[in-house]
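Note sheet for the following structure.
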Amino acid sequence: MNPLYWIELRVRAREKRLWLIALFFVFTLVIISSIVLISVLNLFSRCIKSIEPSGIGEGLTWATLFCQAGLLVILAPLATAGRISQEREQRTLAALINSPASAARIALGKLWGAWTFVIWLGVLALPFLFTATLWGGPSWQLILACLGLNLLAGLVLSALSLGISGLFGRSLTAYLVTGSFLFGWIAVLPMLGSLAMAFNHGSNKTFQELVMYLTMYHNPFFPLMALAGSFTEWDSGKFFIPLAFGIGVWVLLGAFSLLAAVRSLKREVY
Amino acid sequence: MTSIEPASLCLSDISKTYPNGIEALRGVSLELRPGEVFGLVGPNGAGKTTLLKVAAGLLYPETGMVSCSGLDITRQPKKAARLIGLMPDPLGVYTDVSAREYLEFFARLQDIPIHQISGKIDCAVEILGLSPWLDDEVETLSAGWQRRLALGRVLLADTPVLLLDEPAAGLDVYARSELLNTVRRLAETGRAVAVSSHILPELQQLADRFAIINQGRWVDITAGEPFFTRAELDHGFTMAEWCLRCSRPDIAGAVLARLGFSAKSGTGTLIFAAADDAAAARALKAVMDEGVDVYEFYRRQVELNELVLQILRDDNQSSCAANKHGDRK
């Protein structure tokens with residue numbers, strides 16, 4: 001086993017407040033699911049007069065999956081940002097570098113450690129998804145694909161945070177830069193894209209598509225939205241290329257970030 | 001402690017300038033031999049830590065080369081880890097794990113087979129007396145015990161070259177004495193050990209060879225020679241100094257002057273330099289022949305503390321003079 005992965009697990013297992021994160025995660029899921037359940041039941045009772053169980057299942061499943069994605073987008077970087085800068089800060093990097101472990105092994109150990117945390121949070125959502133599917137709704141293949149996407153997003157965001165943390169000597173700076181980058185990527189870029197499309201309302205379709213590719217298709221939430229949107233038209237393949245593009249950008253971003261983390265571990269240790 | 005394949009560490013003409021422009025090392029060369037303890041002495045900011053980090057491959061020098069057993073460490077710093085163990089200062093220990101987990105982590109990093117880890121940890125723990133605190137969190141250990149733990153990490157690596165930066169800082173007298181014994185035993189098993197320390201009396205007992213670094217370069221002790229041995233400290237560099245405490249220092253002083261010795265008096269003790277033991281014995285006999293009662297007669301050791309202070313004072317004065325001369329030009 002990678003020693004860094006081993007120590008990351010030990011450190012996290014020793015974390016006295018770890019249950020608080022789990023509680024926050026589960027509590028948020030409970031709140032969102034309850035709101036969705038009440039809204040769907042209200043909608044059915046007011047408009048349709050008869051309750052459709054698969055509609056309830058569908059609402060609950062997507063609510064859980066989006067909530068999980070949202071929480072992972074917040075918690076995965078929080079768990080990883082500063083993992084290398086912290087080593088510089090607490091002066092433990094010299095001991096790590098003065099060991100036969102390669103820089104890649106150190107970075108991967110830290111990444112797997114963070115991703116295990118993400119997977120653990122992902123697993124906490126499974127009972128909710130299972131309960132939701134009891135009502136009916138999306139197929140289990142689609143749910144599994146969405147779960148996989150969420151975990152992949154968690155891995156990419158962890159790699160990104162790790163890469164950023166390698167660039168800085170102070171954890172606080174690493175956290176702030178990671179937060180700013182993610183805010184720009186997840187919130188500002190889509191807003192800019194929407195503005196660009198709003199200002200060029202009558203423009204041709206190619207421009208609209210270009211803006212979508214530049215600002216939205218690689219958003220961490222987009223693949224999930226694409227799958228949710230395709231739920232009713234799964235066979236059309238409408239979202240296949242944007243989905244592949246988005247995941248491709250993620251993979252590239254993750255790989256470059258990991259490379260940056262490895263390179264940062266080869267720098268001099270003052 | 002097991003014997004080890006001996007390895008020597010060679011640093012030749014190392015220069016290192018930090019990004020902020022500070023010249024930390026200026027053409028420093030050193031050969032660390034197997035089985036010796038080398039004492040690295042110098043004021044704060046002299047370049048001791050930089051020198052040890054360059055030697056361990058953590059910093060890359062602008063000029064010069066570091067090699068260990070034929071391996072060019074400046075080109076292959078990762079391979080240095082199998083040959084050179086560094087205990088840095090500041091220490092940097094993981095505080096949120098237990099002492100056992102800390103040692104196990106570094107044993108795993110060293111690729112020690114899992115079934116051997118426990119035995120190796122027990123061995124290091126026994127040497128360092130860590131067993132009562134093995135299951136405590138590192139955070140709860142005192143600075144001295146954390147330092148021993150860090151030394152335990154270096155012992156686990158079992159490298160033929162050990163670089164210890166301020167290993168005794170923060171340790172109590174008993175722990176320091178234990179540490180001296182441990183380091184001495186490590187050298188006896190064929191390891192080359194370099195120790196940087198500000199606790200000079202203990203370093204004087206521990207090291208076989210010394211050098212003083214100031215402003216990033218060695219300070220010459222004798223003409224063109226920066227290195228000196230413990231024997232030179234014990235017996236004097238050129239002439240040994242002798243101390244004589246007696247009933248009539250005035251008569252003894254006159255006798256010594258008659259014999260051609262220049263004696264100085266300090267707190268009732270006469271101090272004079274003699275070329276060899278025979279000359280000192282002749283002086284003692286002459287004093288006793290005059291009916292003077294001799295209470296004490298011994299060779300005066302050169303204290304590392306005194307020597308370092310004197311050398312650094314002289315070095316700083318000559319640097320200032322050189323700078324002024326340069327300014328005038």
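Quick note on naming: the chains in the structure tokens go A, B, ... in the order shown, residues restart at 1 in each chain, and ligands are numbered from 1 in order of appearance.
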
- Message: Tell me as a ChimeraX atom specification which residues belonging to chain A come within 8 Å of chain B, counting only C-alpha atoms.
- Response: /A:3-4,6-7,10-11,14,90-95,97-102,268-270

Can those selected residues be exported to a file as a PDB file, in the first residue's frame so that it contains N, CA and C atoms?
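Contents of selection_31.pdb, as written:
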```pdb
ATOM      1  N   PRO A   3       2.476   4.344   1.164  1.00  0.00           N
ATOM      2  CA  PRO A   3       2.589   4.828   2.547  1.00  0.00           C
ATOM      3  C   PRO A   3       1.840   6.133   2.800  1.00  0.00           C
ATOM      4  N   LEU A   4       1.819   7.005   1.777  1.00  0.00           N
ATOM      5  CA  LEU A   4       1.120   8.280   1.939  1.00  0.00           C
ATOM      6  C   LEU A   4      -0.383   8.061   2.079  1.00  0.00           C
ATOM      7  N   TRP A   6      -1.692   5.338   3.233  1.00  0.00           N
ATOM      8  CA  TRP A   6      -1.837   4.707   4.552  1.00  0.00           C
ATOM      9  C   TRP A   6      -1.908   5.768   5.649  1.00  0.00           C
ATOM     10  N   ILE A   7      -1.002   6.748   5.588  1.00  0.00           N
ATOM     11  CA  ILE A   7      -0.975   7.767   6.658  1.00  0.00           C
ATOM     12  C   ILE A   7      -2.177   8.712   6.527  1.00  0.00           C
ATOM     13  N   ARG A  10      -4.971   7.000   8.146  1.00  0.00           N
ATOM     14  CA  ARG A  10      -4.784   7.012   9.599  1.00  0.00           C
ATOM     15  C   ARG A  10      -5.156   8.378  10.180  1.00  0.00           C
ATOM     16  N   VAL A  11      -4.660   9.436   9.503  1.00  0.00           N
ATOM     17  CA  VAL A  11      -4.900  10.798   9.998  1.00  0.00           C
ATOM     18  C   VAL A  11      -6.395  11.096   9.975  1.00  0.00           C
ATOM     19  N   ARG A  14      -8.278   9.291  12.629  1.00  0.00           N
ATOM     20  CA  ARG A  14      -8.040   9.843  13.964  1.00  0.00           C
ATOM     21  C   ARG A  14      -8.763  11.177  14.166  1.00  0.00           C
ATOM     22  N   GLN A  90       4.303  22.831   7.878  1.00  0.00           N
ATOM     23  CA  GLN A  90       4.699  22.182   9.140  1.00  0.00           C
ATOM     24  C   GLN A  90       6.088  21.532   9.038  1.00  0.00           C
ATOM     25  N   ARG A  91       6.788  21.871   7.952  1.00  0.00           N
ATOM     26  CA  ARG A  91       8.200  21.479   7.772  1.00  0.00           C
ATOM     27  C   ARG A  91       8.402  19.966   7.722  1.00  0.00           C
ATOM     28  N   THR A  92       7.415  19.242   7.246  1.00  0.00           N
ATOM     29  CA  THR A  92       7.568  17.788   7.149  1.00  0.00           C
ATOM     30  C   THR A  92       7.997  17.369   5.740  1.00  0.00           C
ATOM     31  N   LEU A  93       7.997  18.334   4.823  1.00  0.00           N
ATOM     32  CA  LEU A  93       8.317  17.981   3.435  1.00  0.00           C
ATOM     33  C   LEU A  93       9.758  17.480   3.291  1.00  0.00           C
ATOM     34  N   ALA A  94      10.675  18.065   4.074  1.00  0.00           N
ATOM     35  CA  ALA A  94      12.088  17.642   3.982  1.00  0.00           C
ATOM     36  C   ALA A  94      12.214  16.153   4.280  1.00  0.00           C
ATOM     37  N   ALA A  95      11.496  15.698   5.299  1.00  0.00           N
ATOM     38  CA  ALA A  95      11.561  14.273   5.665  1.00  0.00           C
ATOM     39  C   ALA A  95      10.948  13.397   4.568  1.00  0.00           C
ATOM     40  N   ILE A  97      10.781  14.162   1.297  1.00  0.00           N
ATOM     41  CA  ILE A  97      11.635  14.186   0.106  1.00  0.00           C
ATOM     42  C   ILE A  97      12.914  13.379   0.365  1.00  0.00           C
ATOM     43  N   ASN A  98      13.383  13.410   1.630  1.00  0.00           N
ATOM     44  CA  ASN A  98      14.583  12.640   1.970  1.00  0.00           C
ATOM     45  C   ASN A  98      14.198  11.172   2.244  1.00  0.00           C
ATOM     46  N   SER A  99      13.363  10.636   1.372  1.00  0.00           N
ATOM     47  CA  SER A  99      12.987   9.215   1.457  1.00  0.00           C
ATOM     48  C   SER A  99      13.003   8.664   0.034  1.00  0.00           C
ATOM     49  N   PRO A 100      13.089   7.350  -0.114  1.00  0.00           N
ATOM     50  CA  PRO A 100      13.159   6.815  -1.486  1.00  0.00           C
ATOM     51  C   PRO A 100      11.850   6.960  -2.278  1.00  0.00           C
ATOM     52  N   ALA A 101      10.766   7.400  -1.614  1.00  0.00           N
ATOM     53  CA  ALA A 101       9.477   7.521  -2.315  1.00  0.00           C
ATOM     54  C   ALA A 101       9.559   8.608  -3.385  1.00  0.00           C
ATOM     55  N   SER A 102       9.111   8.264  -4.596  1.00  0.00           N
ATOM     56  CA  SER A 102       9.167   9.250  -5.686  1.00  0.00           C
ATOM     57  C   SER A 102       8.091  10.316  -5.476  1.00  0.00           C
ATOM     58  N   GLU A 268      12.962  22.619  -4.742  1.00  0.00           N
ATOM     59  CA  GLU A 268      13.855  22.664  -3.578  1.00  0.00           C
ATOM     60  C   GLU A 268      13.033  22.813  -2.292  1.00  0.00           C
ATOM     61  N   VAL A 269      13.565  22.242  -1.216  1.00  0.00           N
ATOM     62  CA  VAL A 269      12.901  22.354   0.085  1.00  0.00           C
ATOM     63  C   VAL A 269      13.734  23.296   0.949  1.00  0.00           C
ATOM     64  N   TYR A 270      13.237  24.510   1.138  1.00  0.00           N
ATOM     65  CA  TYR A 270      14.012  25.496   1.916  1.00  0.00           C
ATOM     66  C   TYR A 270      13.856  25.240   3.402  1.00  0.00           C
TER      67      TYR A 270
END
```

- Report as an MDAnalysis selection string: the residues of range 14-240 of chain A with a DSSP assignment of helix (DSSP H, G or I), based on the backbone of this structure. chainID A and resid 14 18:48 53:80 85:89 93:97 103:124 126:134 140:167 171:199 205:215 222:229 234:236 240

- Task: Do a neighbour search on range 238-243 of chain A at 7 Å with only C-alpha atoms, toss out local chain neighbours closer than 3 positions, and write the hits as a list in words.
- Result: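 So, after excluding close chain neighbours, the residues are Tyr217, Pro223, Ala226, Gly246 and Ile247 of chain A.
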
Residue subset to file, keeping N, CA and C atoms, as a PDB file, in the first residue's frame:
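Final file, result14.pdb:
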```
ATOM      1  N   TYR A 217     -20.003  23.218 -20.952  1.00  0.00           N
ATOM      2  CA  TYR A 217     -19.991  21.760 -21.081  1.00  0.00           C
ATOM      3  C   TYR A 217     -18.971  21.075 -20.169  1.00  0.00           C
ATOM      4  N   PRO A 223     -22.337  17.247 -16.813  1.00  0.00           N
ATOM      5  CA  PRO A 223     -22.647  15.864 -17.195  1.00  0.00           C
ATOM      6  C   PRO A 223     -23.882  15.319 -16.461  1.00  0.00           C
ATOM      7  N   ALA A 226     -26.799  16.839 -18.035  1.00  0.00           N
ATOM      8  CA  ALA A 226     -27.028  16.227 -19.346  1.00  0.00           C
ATOM      9  C   ALA A 226     -27.742  14.884 -19.177  1.00  0.00           C
ATOM     10  N   GLY A 246     -16.986  17.316 -22.023  1.00  0.00           N
ATOM     11  CA  GLY A 246     -16.895  17.746 -20.618  1.00  0.00           C
ATOM     12  C   GLY A 246     -16.009  16.805 -19.816  1.00  0.00           C
ATOM     13  N   ILE A 247     -16.245  15.503 -19.970  1.00  0.00           N
ATOM     14  CA  ILE A 247     -15.459  14.529 -19.200  1.00  0.00           C
ATOM     15  C   ILE A 247     -13.993  14.564 -19.653  1.00  0.00           C
TER      16      ILE A 247
END
```

- Note on the structure: Residue with the minimum atom-to-atom distance to Leu304 in chain B, picked from B:Asp135, B:Glu62, B:Ala263, B:Val41 with only C-alpha atoms counted, is B:Val41

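Here the question is which of B:Leu284, B:Ala143, B:Ala254, B:Ala274 gets nearest to Leu171 in chain B using only C-alpha atoms, and that residue is B:Ala143.
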
- Message: With distances taken over only C-alpha atoms, which residue among B:Glu296, B:Asp220, B:Phe261, B:Gln317 lies nearest Cys243 in chain B?
- Response: B:Glu296

- Do you know which residues are at most 12 Å from Leu134 in chain A counting only C-alpha atoms, after dropping those on the same chain fewer than 5 positions away, and could you put them as a PyMOL selection string? chain A and resi 53-58+60-61+127-129+139-140

- Hey, what does DSSP flag as strand (DSSP E) within range 57-195 of chain B? Can you give it to me as number ranges by chain? B: 63-68, 71-72, 84-87, 161-165, 192-195

Keeping only N, CA and C atoms, write the selected residues to a file as an mmCIF file, in the first residue's frame.
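Generated output (selection.cif):
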```cif
data_model
loop_
_atom_site.group_PDB
_atom_site.id
_atom_site.type_symbol
_atom_site.label_atom_id
_atom_site.label_comp_id
_atom_site.auth_asym_id
_atom_site.auth_seq_id
_atom_site.Cartn_x
_atom_site.Cartn_y
_atom_site.Cartn_z
ATOM 1 N N THR B 63 26.954 25.893 -8.054
ATOM 2 C CA THR B 63 28.212 25.317 -8.543
ATOM 3 C C THR B 63 28.604 24.179 -7.604
ATOM 4 N N GLY B 64 29.512 23.356 -8.082
ATOM 5 C CA GLY B 64 30.039 22.274 -7.254
ATOM 6 C C GLY B 64 29.257 20.986 -7.404
ATOM 7 N N MET B 65 29.734 19.988 -6.700
ATOM 8 C CA MET B 65 29.136 18.658 -6.829
ATOM 9 C C MET B 65 29.080 17.964 -5.471
ATOM 10 N N VAL B 66 27.998 17.214 -5.271
ATOM 11 C CA VAL B 66 27.886 16.387 -4.068
ATOM 12 C C VAL B 66 27.880 14.940 -4.537
ATOM 13 N N SER B 67 28.732 14.120 -3.980
ATOM 14 C CA SER B 67 28.706 12.703 -4.366
ATOM 15 C C SER B 67 28.825 11.831 -3.126
ATOM 16 N N CYS B 68 28.194 10.670 -3.234
ATOM 17 C CA CYS B 68 28.234 9.720 -2.125
ATOM 18 C C CYS B 68 28.402 8.332 -2.725
ATOM 19 N N LEU B 71 27.975 8.177 -6.373
ATOM 20 C CA LEU B 71 26.694 8.633 -6.925
ATOM 21 C C LEU B 71 26.641 10.158 -6.887
ATOM 22 N N ASP B 72 26.359 10.759 -8.046
ATOM 23 C CA ASP B 72 26.277 12.215 -8.119
ATOM 24 C C ASP B 72 24.909 12.656 -7.589
ATOM 25 N N ILE B 84 21.766 8.705 2.377
ATOM 26 C CA ILE B 84 21.917 9.817 3.323
ATOM 27 C C ILE B 84 20.623 10.036 4.100
ATOM 28 N N GLY B 85 20.734 10.000 5.416
ATOM 29 C CA GLY B 85 19.582 10.283 6.271
ATOM 30 C C GLY B 85 19.751 11.663 6.873
ATOM 31 N N LEU B 86 18.729 12.493 6.720
ATOM 32 C CA LEU B 86 18.805 13.862 7.240
ATOM 33 C C LEU B 86 17.798 14.054 8.368
ATOM 34 N N MET B 87 18.280 14.577 9.472
ATOM 35 C CA MET B 87 17.365 15.015 10.542
ATOM 36 C C MET B 87 17.396 16.528 10.519
ATOM 37 N N VAL B 161 25.273 7.358 5.718
ATOM 38 C CA VAL B 161 25.644 8.745 6.043
ATOM 39 C C VAL B 161 24.475 9.388 6.790
ATOM 40 N N LEU B 162 24.778 10.015 7.911
ATOM 41 C CA LEU B 162 23.730 10.674 8.701
ATOM 42 C C LEU B 162 24.066 12.147 8.853
ATOM 43 N N LEU B 163 23.094 12.986 8.574
ATOM 44 C CA LEU B 163 23.286 14.430 8.728
ATOM 45 C C LEU B 163 22.304 14.914 9.787
ATOM 46 N N LEU B 164 22.811 15.335 10.911
ATOM 47 C CA LEU B 164 21.945 15.709 12.030
ATOM 48 C C LEU B 164 22.071 17.206 12.293
ATOM 49 N N ASP B 165 20.981 17.915 12.027
ATOM 50 C CA ASP B 165 20.986 19.363 12.206
ATOM 51 C C ASP B 165 20.395 19.684 13.574
ATOM 52 N N ALA B 192 29.082 7.465 8.582
ATOM 53 C CA ALA B 192 29.669 8.805 8.609
ATOM 54 C C ALA B 192 28.596 9.746 9.132
ATOM 55 N N VAL B 193 28.917 10.498 10.170
ATOM 56 C CA VAL B 193 27.902 11.350 10.800
ATOM 57 C C VAL B 193 28.380 12.803 10.817
ATOM 58 N N ALA B 194 27.526 13.690 10.344
ATOM 59 C CA ALA B 194 27.809 15.127 10.473
ATOM 60 C C ALA B 194 26.783 15.711 11.427
ATOM 61 N N VAL B 195 27.252 16.451 12.416
ATOM 62 C CA VAL B 195 26.355 17.026 13.417
ATOM 63 C C VAL B 195 26.566 18.528 13.457
#
```

Would you list the contacts of range 110-114 of chain A as a short mmCIF file (atom, residue, chain, number, x, y, z; two decimals) with N, CA and C atoms, in the first residue's frame, taking every protein, DNA or RNA residue within 7 Å and counting only C-alpha atoms, but skipping same-chain residues closer than 5 positions in sequence?
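And here is the file that came out, out34.cif:
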```
data_model
loop_
_atom_site.label_atom_id
_atom_site.label_comp_id
_atom_site.auth_asym_id
_atom_site.auth_seq_id
_atom_site.Cartn_x
_atom_site.Cartn_y
_atom_site.Cartn_z
N LEU A 4 1.82 7.00 1.78
CA LEU A 4 1.12 8.28 1.94
C LEU A 4 -0.38 8.06 2.08
N TYR A 5 -0.89 7.08 1.28
CA TYR A 5 -2.31 6.73 1.36
C TYR A 5 -2.61 6.18 2.75
N GLU A 8 -2.59 8.99 5.27
CA GLU A 8 -3.77 9.85 5.07
C GLU A 8 -4.99 9.21 5.72
N LEU A 9 -5.15 7.88 5.51
CA LEU A 9 -6.29 7.18 6.10
C LEU A 9 -6.19 7.22 7.62
N ALA A 79 -11.11 18.81 1.39
CA ALA A 79 -10.33 17.70 1.95
C ALA A 79 -8.92 17.64 1.36
N THR A 80 -8.73 18.25 0.20
CA THR A 80 -7.43 18.11 -0.48
C THR A 80 -6.61 19.39 -0.52
N SER A 158 -10.29 16.91 -6.52
CA SER A 158 -9.22 16.62 -5.54
C SER A 158 -7.86 16.83 -6.19
N ALA A 159 -7.72 16.32 -7.43
CA ALA A 159 -6.44 16.47 -8.15
C ALA A 159 -6.13 17.95 -8.38
#
```

- Query: Quick one: residues within 8 Å of Tyr295 in chain B, only C-alpha atoms counted, chain neighbours fewer than 5 positions away excluded, as a ChimeraX atom specification?
  - Reply: /B:244-247

Quick one: write out the picked residues with N, CA and C atoms as a short mmCIF file (atom, residue, chain, number, x, y, z; two decimals), in the first residue's frame?
```
data_model
loop_
_atom_site.label_atom_id
_atom_site.label_comp_id
_atom_site.auth_asym_id
_atom_site.auth_seq_id
_atom_site.Cartn_x
_atom_site.Cartn_y
_atom_site.Cartn_z
N LEU B 244 49.39 25.67 36.10
CA LEU B 244 50.12 25.33 37.33
C LEU B 244 49.51 26.12 38.48
N ARG B 245 48.96 25.37 39.47
CA ARG B 245 48.43 26.04 40.68
C ARG B 245 49.34 25.65 41.83
N CYS B 246 49.90 26.66 42.49
CA CYS B 246 50.92 26.36 43.50
C CYS B 246 50.83 27.33 44.68
N SER B 247 51.69 27.11 45.69
CA SER B 247 51.65 27.93 46.91
C SER B 247 52.25 29.32 46.67
#
```

- Message: Quick check, in Å to one decimal: how far apart do CA of Leu179 in chain B and CA of Gly236 in chain B lie?
- Response: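 We find that CA of Leu179 in chain B and CA of Gly236 in chain B lie 27.2 Å from each other.
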